[in-house]
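Below: the structure, in structure tokens.
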Amino acid sequence: MSNTGKLTGKLIISGQIELKTGLHIGTNKDTLEIGGVDNPVIRDPLTREPYIPGSSLKGKLRSLLERAQFSAQPYDNIEQFYNKTMTTGNILVRHHECSDESCTVCRLFGASTGAGINENRPGRLITEDCRMTGESKEQLEAIDTGLYLTEQKSENTLDRITSAANPRQQERVPRGTSFSFTLIYTADTTPNNNLFKADIRSLFTALRLLEDDALGGSGSRGYGRIAFKDLKAAYRPLEYYTEAKDEVIISQNGETLMAYAEKVLSTLE
Ligand SMILES: [Zn+2]
């Protein structure tokens, strides 16, 4: 059984994502505006503010955690671990899903039937869309870049023989901008259970790996470096919802991400 069928509480982890370098999360070309930039960033249709889709954050966290888990455990071959295939357009995307109860990737992010998995496994993690903070919005509104809350970055590809430049424009959210993020972990065991602990440790490992990786496009060219800041964990046991019992709040106070994860777990034990 990969799911106890229980709901014992929620651990809500929130904080800020600070951009260390410019961020480009692109949008579908169909939504291009007339007179818009070549490669626009995704924006909220109502407010026009750039945001980080929860799906982008989730996808990156999952892929980093899958690769870390594949490295840490013995598997016969790469296809045995990356056992699921998806075809988007004509691009083959391989990833991992399994029915192993102790697999934190599939516990956090879920797995669906097929490739030896008999039952759907709902993920325990919700990643919300990340909104720009009010402070960052104010700062960016005060700068005239010609674009609303973003900047335009010019890049060149050089012909190797003639040195002719092939310029292009990328829209990106400037370095220094902050977004609010919220991750909701739905617990089906109590916080002193080893599965709960393994899930939370894996989640923080993924956050830490992402800090040394990149979010969005053009990561190898320096885009999308981020840091997680000012974390707060609120644990709401089932009684919070049924009997108005207090939540337990644990704030990050200068600890590294992994040390903070241990503080959260030891406080809740
Ligand atoms: Zn798995």
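For the structure tokens, the naming scheme is as follows: chains receive sequential letters (A, B, ...) according to their order of presentation, residues are indexed from 1 within each chain, and ligands are indexed from 1 in presentation order.
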Per-residue DSSP, region 12-113 of chain A, filtered to helix (DSSP H, G or I), as a PyMOL selection string: chain A and resi 29-31+54-72+78-81+104-109
10 Å contact set for region 207-219 of chain A, only C-alpha atoms, chain neighbours under 4 positions out, as a ChimeraX atom specification: /A:17,19-26,41,52,56-57,59-65,68,170,172,201-203,223-228,256-258
When the cut-off is 6 Å and you count only C-alpha atoms and all ligand atoms, which residues lie near ligand 1, shown as a PDB file with C-alpha atoms, in the first residue's frame?
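Just written: part35.pdb:
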ATOM      1  CA  GLU A  97       7.520   6.667 -11.277  1.00  0.00           C
ATOM      2  CA  CYS A  98       7.199   3.589  -9.075  1.00  0.00           C
ATOM      3  CA  ASP A 100       7.807   1.631  -3.811  1.00  0.00           C
ATOM      4  CA  CYS A 103      10.324   6.286  -2.618  1.00  0.00           C
ATOM      5  CA  VAL A 105       9.935  11.130  -5.207  1.00  0.00           C
ATOM      6  CA  CYS A 106       6.684   9.246  -5.785  1.00  0.00           C
TER       7      CYS A 106
END
Given only C-alpha atoms as the counted atoms, nearest of A:Leu268, A:Val37, A:Ala165, A:Leu140 to Pro191 (chain A):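 Comparing A:Leu268, A:Val37, A:Ala165, A:Leu140 against Pro191 (chain A), the winner is A:Leu268.
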Shortest interatomic distance to Gly116 (chain A) - which of A:Glu138, A:Gly15, A:Pro174, A:Gln80, counting only C-alpha atoms: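 Checking each candidate against Gly116 (chain A), we get A:Gln80 as the closest.
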Option closest in space to Gly114 (chain A), from A:Tyr185, A:Thr127, A:Gly9, A:Asn83 [counting only C-alpha atoms]: A:Asn83
Picked from region 132-166 of chain A by DSSP as strand (DSSP E), as a ChimeraX atom specification: /A:132,151-158,165-166
Proximity to Tyr51 (chain A) - best of A:Asn39, A:Thr190, A:Thr177, A:Ser99, only C-alpha atoms: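 Smallest separation from Tyr51 (chain A) among the options: A:Thr177.
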Nearby residues (only C-alpha atoms) at most 8 Å from Asp230 (chain A), same-chain spacing under 3 positions excluded, as a VMD selection string: chain A and resid 15 to 16 251 to 253
Using only C-alpha atoms, please write the residues we just selected to a file, as a compact mmCIF listing (two decimals), in the first residue's frame.
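File produced: again-v1.txt:
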# COMPACT_ATOMS: atom_id res chain seq x y z
CA GLY A 15 8.88 32.01 2.21
CA GLN A 16 10.51 33.97 -0.56
CA SER A 251 10.57 30.06 11.50
CA GLN A 252 13.94 29.90 9.80
CA ASN A 253 16.38 31.96 11.81
Ser102 (chain A) surroundings by only C-alpha atoms, 12 Å radius, close-in-sequence under 4 positions cut, as a PyMOL selection string: chain A and resi 1-3+69+98+106-108+194-199+202
Export C-alpha atoms of the chosen residues as a CSV table (one decimal), in the first residue's frame?
chain,number,residue,atom,x,y,z
A,1,MET,CA,0.0,0.0,0.0
A,2,SER,CA,1.5,3.3,-1.0
A,3,ASN,CA,-1.2,5.4,0.7
A,69,GLN,CA,17.7,9.4,-5.8
A,98,CYS,CA,7.2,3.6,-9.1
A,106,CYS,CA,6.7,9.2,-5.8
A,107,ARG,CA,5.4,9.9,-2.3
A,108,LEU,CA,5.8,13.7,-2.8
A,194,ASN,CA,10.0,7.9,9.5
A,195,LEU,CA,8.1,8.3,6.2
A,196,PHE,CA,7.1,11.9,7.2
A,197,LYS,CA,10.7,12.7,8.1
A,198,ALA,CA,12.0,11.2,4.8
A,199,ASP,CA,9.5,13.2,2.8
A,202,SER,CA,13.8,15.0,0.5
For region 145-149 of chain A: contacts at 8 Å, only C-alpha atoms, fewer than 5 positions along chain excluded, given as a PyMOL selection string: chain A and resi 48-50+137+140+173
Residues near Ser180 (chain A), cut-off 9 Å, only C-alpha atoms, skip fewer than 5 positions along chain, as a PyMOL selection string: chain A and resi 14-18+129-133
Nearest candidate to Ser136 (chain A) (options A:Lys153, A:Arg160, A:Lys229, A:Arg175; using only C-alpha atoms): A:Arg175
Atom pair CA of Pro74 (chain A) / CA of Gly123 (chain A): separation (Å):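 Straight-line distance from CA of Pro74 (chain A) to CA of Gly123 (chain A) works out to 23.9 Å.
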Atom-to-atom span, CA of Lys84 (chain A) and CA of Gly54 (chain A), Å: 22.1 Å
Atomic separation - CA of Leu46 (chain A) relative to CA of Leu125 (chain A), Å: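 Atom-to-atom, CA of Leu125 (chain A) to CA of Leu46 (chain A), that is 26.4 Å.
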